[in-house]
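K.L.:
Enclosed is the structure file target-v7.cif (mmCIF, C-alpha atoms).
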data_query
#
loop_
_atom_site.label_atom_id
_atom_site.label_comp_id
_atom_site.auth_asym_id
_atom_site.auth_seq_id
_atom_site.Cartn_x
_atom_site.Cartn_y
_atom_site.Cartn_z
CA MET A 1281 0.00 0.00 0.00
CA PHE A 1282 2.80 2.36 0.87
CA ARG A 1283 5.16 1.90 -2.06
CA LEU A 1284 6.16 5.55 -2.27
CA ALA A 1285 8.45 6.65 0.52
CA THR A 1286 10.53 9.55 1.66
CA THR A 1287 13.75 9.48 3.68
CA THR A 1288 14.41 10.88 7.15
CA ALA A 1289 17.66 12.51 8.33
CA ARG A 1290 18.81 9.08 9.57
CA GLY A 1291 18.26 7.49 6.17
CA LEU A 1292 15.13 5.57 7.20
CA ALA A 1293 12.38 5.09 4.64
CA VAL A 1294 9.07 6.53 5.82
CA PRO A 1295 5.76 5.97 3.98
CA LYS A 1296 4.58 9.23 2.44
CA ALA A 1297 1.27 8.84 4.21
CA PHE A 1298 3.11 9.36 7.49
CA ALA A 1299 6.00 11.56 6.33
CA PRO A 1300 4.41 15.02 6.88
CA SER A 1301 4.24 14.51 10.64
CA MET A 1302 7.72 13.03 10.92
CA VAL A 1303 9.84 15.39 8.85
CA ALA A 1304 11.21 18.52 10.51
CA ARG A 1305 9.74 21.79 9.29
CA THR A 1306 11.25 25.25 9.25
CA MET A 1307 8.58 27.76 10.19
CA GLY A 1308 10.49 30.92 9.39
CA THR A 1309 13.88 32.46 8.89
CA HIS A 1310 15.42 35.74 9.95
CA PRO A 1311 18.47 37.56 8.59
CA ASP A 1312 21.04 37.54 11.37
CA ALA A 1313 23.48 40.12 10.00
CA GLY A 1314 22.73 42.17 13.10
CA VAL A 1315 22.50 45.83 14.00
CA ALA A 1316 25.16 48.25 12.75
CA PRO A 1317 27.84 49.20 15.32
CA GLU A 1318 26.86 52.89 15.30
CA LEU A 1319 23.27 52.01 16.21
CA LEU A 1320 24.45 49.62 18.91
CA GLU A 1321 26.52 52.45 20.38
CA LYS A 1322 23.45 54.70 20.56
CA LEU A 1323 21.36 51.88 22.02
CA GLY A 1324 24.06 51.31 24.62
CA GLU A 1325 23.59 54.87 25.87
CA MET A 1326 20.03 53.99 26.90
CA SER A 1327 18.87 52.23 30.04
CA THR A 1328 16.88 49.02 29.94
CA GLN A 1329 13.94 50.94 31.43
CA ALA A 1330 13.94 53.38 28.50
CA LEU A 1331 14.15 50.47 26.04
CA VAL A 1332 11.28 48.60 27.70
CA ASP A 1333 9.12 51.75 27.69
CA ALA A 1334 9.81 52.40 24.01
CA LEU A 1335 9.09 48.79 23.04
CA TRP A 1336 5.90 48.83 25.11
CA VAL A 1337 4.33 51.68 23.11
CA MET A 1338 5.41 49.96 19.89
CA GLY A 1339 3.47 46.82 20.77
CA TYR A 1340 6.24 44.68 22.29
CA PRO A 1341 5.30 44.35 25.99
CA GLN A 1342 7.21 41.06 26.46
CA CYS A 1343 10.85 41.90 25.92
CA GLN A 1344 12.73 41.37 29.20
CA ILE A 1345 14.63 38.12 29.66
CA GLU A 1346 13.28 37.10 33.05
CA GLY A 1347 15.79 36.08 35.66
CA ALA A 1348 18.94 37.34 33.91
CA ARG A 1349 20.76 39.38 36.55
CA PRO A 1350 24.25 40.91 36.50
CA LEU A 1351 26.97 38.77 38.00
CA ALA A 1352 28.58 41.87 39.57
CA PRO A 1353 27.61 45.52 40.16
CA GLY A 1354 28.16 47.94 37.30
CA MET A 1355 27.92 45.40 34.49
CA LYS A 1356 26.29 46.60 31.26
CA CYS A 1357 26.42 45.32 27.69
CA VAL A 1358 24.89 45.82 24.27
CA GLY A 1359 25.26 43.73 21.14
CA ASN A 1360 23.74 41.50 18.51
CA ALA A 1361 22.35 38.20 19.76
CA VAL A 1362 24.20 34.96 19.01
CA THR A 1363 22.01 32.11 20.20
CA VAL A 1364 22.55 28.69 21.77
CA ARG A 1365 19.78 26.29 22.81
CA PHE A 1366 20.14 23.44 25.32
CA LEU A 1367 17.97 20.32 25.54
CA PRO A 1368 17.46 17.97 28.49
CA PHE A 1369 20.16 15.29 28.61
CA ARG A 1370 19.73 12.05 26.71
CA GLN A 1371 22.52 9.65 25.82
CA ASP A 1372 21.48 9.40 22.18
CA LEU A 1373 21.58 13.20 21.87
CA MET A 1374 25.15 13.18 23.13
CA ALA A 1375 26.00 10.49 20.58
CA ASP A 1376 24.46 12.48 17.71
CA LYS A 1377 25.82 15.89 18.72
CA PRO A 1378 29.08 17.01 17.08
CA ALA A 1379 31.97 16.71 19.49
CA GLY A 1380 34.78 19.06 20.48
CA GLU A 1381 35.11 22.35 18.60
CA ALA A 1382 32.21 21.36 16.32
CA SER A 1383 29.80 21.29 19.28
CA PRO A 1384 27.11 24.01 18.88
CA GLU A 1385 28.25 26.21 21.77
CA TYR A 1386 31.83 26.35 20.50
CA VAL A 1387 30.65 27.15 16.98
CA ALA A 1388 28.63 30.01 18.51
CA PHE A 1389 31.67 31.26 20.43
CA GLU A 1390 33.52 31.81 17.17
CA LYS A 1391 30.69 34.07 15.94
CA CYS A 1392 31.12 36.35 18.96
CA GLY A 1393 33.16 39.52 19.25
CA PRO A 1394 32.93 43.09 20.59
CA ASN A 1395 29.51 43.63 18.99
CA GLU A 1396 27.91 40.32 20.00
CA VAL A 1397 26.08 39.09 23.09
CA LEU A 1398 25.87 35.33 23.52
CA VAL A 1399 22.35 34.30 24.62
CA MET A 1400 22.12 30.78 26.02
CA ALA A 1401 18.71 29.17 26.62
CA SER A 1402 19.02 26.74 29.54
CA THR A 1403 16.63 23.92 30.41
CA GLY A 1404 16.28 25.26 33.94
CA PRO A 1405 17.30 28.24 36.08
CA TRP A 1406 19.68 26.28 38.30
CA GLU A 1407 21.48 24.39 35.53
CA SER A 1408 24.99 25.50 34.55
CA VAL A 1409 25.55 26.70 30.98
CA GLY A 1410 29.30 26.86 31.61
CA GLY A 1411 32.18 28.12 33.70
CA ASP A 1412 35.74 29.40 33.59
CA ILE A 1413 37.23 26.81 31.22
CA LYS A 1414 34.46 26.97 28.63
CA PHE A 1415 34.06 30.75 28.74
CA LEU A 1416 37.77 31.53 28.57
CA ARG A 1417 37.29 31.55 24.81
CA LEU A 1418 34.70 34.33 25.14
CA MET A 1419 37.25 36.48 26.94
CA GLN A 1420 39.74 35.80 24.15
CA ARG A 1421 37.09 36.82 21.60
CA ASN A 1422 36.50 40.09 23.51
CA ILE A 1423 32.77 39.38 23.61
CA ALA A 1424 30.32 42.17 24.49
CA GLY A 1425 28.50 40.00 27.02
CA LEU A 1426 26.80 36.75 28.00
CA VAL A 1427 23.11 36.41 28.90
CA THR A 1428 21.35 33.25 30.10
CA ASP A 1429 18.21 32.20 31.94
CA GLY A 1430 20.31 29.46 33.53
CA SER A 1431 23.23 29.64 35.95
CA VAL A 1432 27.01 29.89 35.62
CA ARG A 1433 29.91 28.36 37.53
CA ASP A 1434 33.24 29.77 38.75
CA THR A 1435 31.88 33.21 39.61
CA ASP A 1436 35.15 34.82 40.69
CA GLU A 1437 36.97 33.69 37.58
CA LEU A 1438 34.20 34.89 35.26
CA ILE A 1439 34.15 38.31 36.91
CA GLY A 1440 37.92 38.41 36.46
CA TYR A 1441 37.53 37.77 32.72
CA GLY A 1442 36.12 41.28 32.44
CA PHE A 1443 33.11 40.76 30.18
CA PRO A 1444 29.56 41.29 31.53
CA VAL A 1445 27.64 38.16 32.54
CA PHE A 1446 23.89 38.08 33.23
CA SER A 1447 22.43 34.87 34.65
CA PHE A 1448 19.60 33.61 36.83
CA SER A 1449 22.08 32.57 39.50
CA THR A 1450 25.39 30.88 40.16
CA THR A 1451 26.00 27.22 40.93
CA ALA A 1452 28.71 24.70 41.68
CA LYS A 1453 26.90 22.00 39.70
CA GLN A 1454 28.08 20.71 36.34
CA GLY A 1455 25.74 21.02 33.37
CA PRO A 1456 26.65 18.12 31.00
CA ALA A 1457 24.82 15.47 33.04
CA VAL A 1458 21.62 17.53 32.93
CA MET A 1459 21.45 19.18 29.51
CA VAL A 1460 23.00 19.14 26.07
CA PRO A 1461 24.01 22.13 23.90
CA TRP A 1462 21.98 21.18 20.85
CA GLU A 1463 21.66 24.13 18.48
CA GLU A 1464 23.32 27.43 17.66
CA GLY A 1465 22.06 30.19 15.40
CA GLY A 1466 18.37 29.37 15.81
CA VAL A 1467 15.38 31.19 17.25
CA ILE A 1468 15.22 30.44 20.98
CA GLU A 1469 13.06 31.07 24.03
CA CYS A 1470 15.13 32.53 26.84
CA GLY A 1471 13.67 33.79 30.09
CA GLY A 1472 10.16 33.68 28.71
CA VAL A 1473 10.79 35.74 25.57
CA THR A 1474 11.77 34.98 21.99
CA VAL A 1475 15.29 35.81 20.85
CA ARG A 1476 16.26 35.69 17.19
CA PRO A 1477 19.86 35.79 15.94
CA GLY A 1478 20.69 39.40 15.11
CA ASP A 1479 18.26 40.87 17.65
CA ALA A 1480 19.77 43.60 19.80
CA ILE A 1481 20.42 42.81 23.46
CA LEU A 1482 20.77 45.55 26.08
CA ALA A 1483 21.54 44.55 29.66
CA ASP A 1484 22.29 46.57 32.78
CA GLN A 1485 21.68 46.45 36.54
CA ASP A 1486 17.93 46.00 36.00
CA GLY A 1487 18.25 42.97 33.74
CA ALA A 1488 18.47 42.06 30.06
CA VAL A 1489 16.11 43.20 27.28
CA VAL A 1490 15.78 41.99 23.69
CA CYS A 1491 14.86 44.34 20.84
CA PRO A 1492 14.05 43.14 17.31
CA GLY A 1493 16.99 44.19 15.16
CA SER A 1494 14.77 45.85 12.56
CA LEU A 1495 13.28 48.17 15.21
CA VAL A 1496 16.44 49.50 16.87
CA GLU A 1497 16.60 52.80 14.98
CA GLU A 1498 12.90 53.49 15.58
CA VAL A 1499 13.22 52.50 19.24
CA ILE A 1500 16.09 54.92 19.80
CA LYS A 1501 14.07 57.76 18.27
CA SER A 1502 10.99 56.88 20.32
CA ALA A 1503 13.01 56.68 23.55
CA HIS A 1504 14.51 60.15 23.01
CA GLU A 1505 11.06 61.61 22.31
CA ARG A 1506 9.67 60.05 25.48
CA GLU A 1507 12.62 61.36 27.48
CA GLU A 1508 11.98 64.91 26.25
CA ILE A 1509 8.31 64.65 27.27
CA GLU A 1510 9.21 63.32 30.71
CA VAL A 1511 11.77 66.08 31.27
CA SER A 1512 9.22 68.74 30.29
CA HIS A 1513 6.85 67.34 32.91
CA LEU A 1514 9.51 67.01 35.59
CA ILE A 1515 10.78 70.61 35.42
CA PRO A 1516 7.50 72.24 36.56
CA SER A 1517 7.15 69.59 39.28
CA ARG A 1518 10.62 70.31 40.63
CA SER A 1519 10.00 74.06 40.55
CA TRP A 1520 6.84 73.54 42.56
CA ALA A 1521 8.69 71.32 45.02
CA ASP A 1522 11.39 73.96 45.52
#
Please re-express this file's structure in structure tokens.
P.N.:
Amino acid sequence: MFRLATTTARGLAVPKAFAPSMVARTMGTHPDAGVAPELLEKLGEMSTQALVDALWVMGYPQCQIEGARPLAPGMKCVGNAVTVRFLPFRQDLMADKPAGEASPEYVAFEKCGPNEVLVMASTGPWESVGGDIKFLRLMQRNIAGLVTDGSVRDTDELIGYGFPVFSFSTTAKQGPAVMVPWEEGGVIECGGVTVRPGDAILADQDGAVVCPGSLVEEVIKSAHEREEIEVSHLIPSRSWAD
């Protein structure tokens, strides 16, 4: 009955009657060239509060990566998102995943530099996405920052590396027995919000916020206009208070 067949990624023949539900589908793509450095610089002059307010009036109320907090006081970063997604551990996933430098997280590291923020989607807030040995490469790449809804290890060493880190918490636990770095360069869910490669990430003492890359210029303009309105309202109030 099922003479016609298609082939899965593992080379298994699947009857066409069943194939549509078994073959992976790509729902959408997004250019990940990122935001120009001059726009990132202007965005970096803003606070996360100003960015959230501007995105709110533009119809993007869900833009803060929940749980991502600075590892140390004074940390701030801005850059284009480079994404990594973890999956819960399974032995067959580990067997299928490329090893060594070809593993997704290390491939992502090589895409990072002064204008990139690495965004790592953990499987849980207390699970470690990495520590001093793994993230030494990020220091060597002079990365703009690291943001995760998971935890990190080796806090003192990471602070000493000098690049901003935003995480849910810190932990002594190892991550490999709990989750697997499965994909880089894809659309991810991190801290309850969607992050696409090339989105702009702004993070400061109040957390980390994602802005669609195509909206950055408009957001900056909107934020400045809102700031002027707020200042005009504050001046009379302060005069009255005096």
K.L.:
Work out how far CA of Arg1421 (chain A) is from CA of Lys1391 (chain A), in Å to one decimal.
P.N.:
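Calculated distance between CA of Lys1391 (chain A) and CA of Arg1421 (chain A) is 9.0 Å.
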K.L.:
Kindly assemble as CSV a list of the region 1334-1412 of chain A residues that lie within 12 Å of region 1440-1460 of chain A, each paired with its nearest atom pair and their distance in Å to one decimal, using only C-alpha atoms, sorted first by chain and then by ascending residue number.
P.N.:
residue,atom,partner,partner_atom,distance
A:Ile1345,CA,A:Ser1447,CA,9.8
A:Glu1346,CA,A:Phe1448,CA,8.1
A:Gly1347,CA,A:Phe1448,CA,4.7
A:Ala1348,CA,A:Ser1447,CA,4.3
A:Arg1349,CA,A:Phe1446,CA,4.7
A:Pro1350,CA,A:Phe1446,CA,4.3
A:Leu1351,CA,A:Val1445,CA,5.5
A:Ala1352,CA,A:Val1445,CA,8.0
A:Pro1353,CA,A:Pro1444,CA,9.8
A:Gly1354,CA,A:Pro1444,CA,8.9
A:Met1355,CA,A:Pro1444,CA,5.3
A:Lys1356,CA,A:Pro1444,CA,6.2
A:Cys1357,CA,A:Pro1444,CA,6.4
A:Val1358,CA,A:Pro1444,CA,9.7
A:Gly1359,CA,A:Pro1444,CA,11.5
A:Val1364,CA,A:Val1460,CA,10.5
A:Arg1365,CA,A:Val1460,CA,8.5
A:Phe1366,CA,A:Val1460,CA,5.2
A:Leu1367,CA,A:Val1460,CA,5.2
A:Pro1368,CA,A:Met1459,CA,4.3
A:Phe1369,CA,A:Met1459,CA,4.2
A:Arg1370,CA,A:Val1460,CA,7.8
A:Gln1371,CA,A:Val1460,CA,9.5
A:Asp1372,CA,A:Val1460,CA,10.6
A:Leu1373,CA,A:Val1460,CA,7.4
A:Met1374,CA,A:Val1460,CA,7.0
A:Ala1375,CA,A:Val1460,CA,10.7
A:Asp1376,CA,A:Val1460,CA,10.8
A:Lys1377,CA,A:Val1460,CA,8.5
A:Pro1378,CA,A:Val1460,CA,11.1
A:Ala1379,CA,A:Val1460,CA,11.4
A:Ser1383,CA,A:Val1460,CA,9.8
A:Pro1384,CA,A:Val1460,CA,9.6
A:Glu1385,CA,A:Val1460,CA,9.8
A:Gly1393,CA,A:Phe1443,CA,11.0
A:Pro1394,CA,A:Phe1443,CA,9.9
A:Glu1396,CA,A:Phe1443,CA,11.4
A:Val1397,CA,A:Pro1444,CA,9.4
A:Leu1398,CA,A:Val1445,CA,9.6
A:Val1399,CA,A:Phe1446,CA,9.5
A:Met1400,CA,A:Ser1447,CA,9.6
A:Ala1401,CA,A:Ser1447,CA,10.5
A:Ser1402,CA,A:Met1459,CA,7.9
A:Thr1403,CA,A:Met1459,CA,6.8
A:Gly1404,CA,A:Met1459,CA,9.1
A:Pro1405,CA,A:Phe1448,CA,5.9
A:Trp1406,CA,A:Ser1449,CA,6.8
A:Glu1407,CA,A:Gly1455,CA,5.8
A:Ser1408,CA,A:Gly1455,CA,4.7
A:Val1409,CA,A:Gly1455,CA,6.2
A:Gly1410,CA,A:Gly1455,CA,7.1
A:Gly1411,CA,A:Gln1454,CA,8.9
A:Asp1412,CA,A:Tyr1441,CA,8.6
K.L.:
So, counting all atoms listed in the file, which residue among A:Val1362, A:Ala1488, A:Gln1344, A:Leu1335 is closest to Val1467 (chain A)?
P.N.:
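The shortest atom-to-atom distance to Val1467 (chain A) comes from A:Val1362.
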K.L.:
Quick one: of A:Cys1491, A:Cys1392, A:Ala1483, A:Ala1382, who's nearest to Ser1327 (chain A), counting all atoms listed in the file?
P.N.:
A:Ala1483
K.L.:
Exactly which residues make up the result of the PyMOL selection byres ((chain A and resi 1497-1507) around 12) on this file, given as a PyMOL selection string?
P.N.:
chain A and resi 1315-1340+1480+1490-1496+1508-1514
K.L.:
So what do you get for CA of Glu1464 (chain A) versus CA of Ile1481 (chain A), distance-wise?
P.N.:
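These atoms are spaced 16.7 Å apart.
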K.L.:
Between A:Asn1360, A:Asn1422, A:Asn1395, A:Thr1428, which is the closest to Val1473 (chain A) once you count only C-alpha atoms?
P.N.:
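Residue with the minimum atom-to-atom distance to Val1473 (chain A): A:Thr1428.
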K.L.:
Could you state the separation of CA of Asp1479 (chain A) and CA of Ala1361 (chain A) in Å, given to one decimal place?
P.N.:
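Distance reported for this atom pair: 5.3 Å.
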K.L.:
Please determine, counting all atoms listed in the file, which residue among A:Thr1474, A:Gln1485, A:Ser1431, A:Gln1420 has the shortest atom-to-atom distance to Gln1342 (chain A).
P.N.:
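Among the listed residues, the smallest separation from Gln1342 (chain A) belongs to A:Thr1474.
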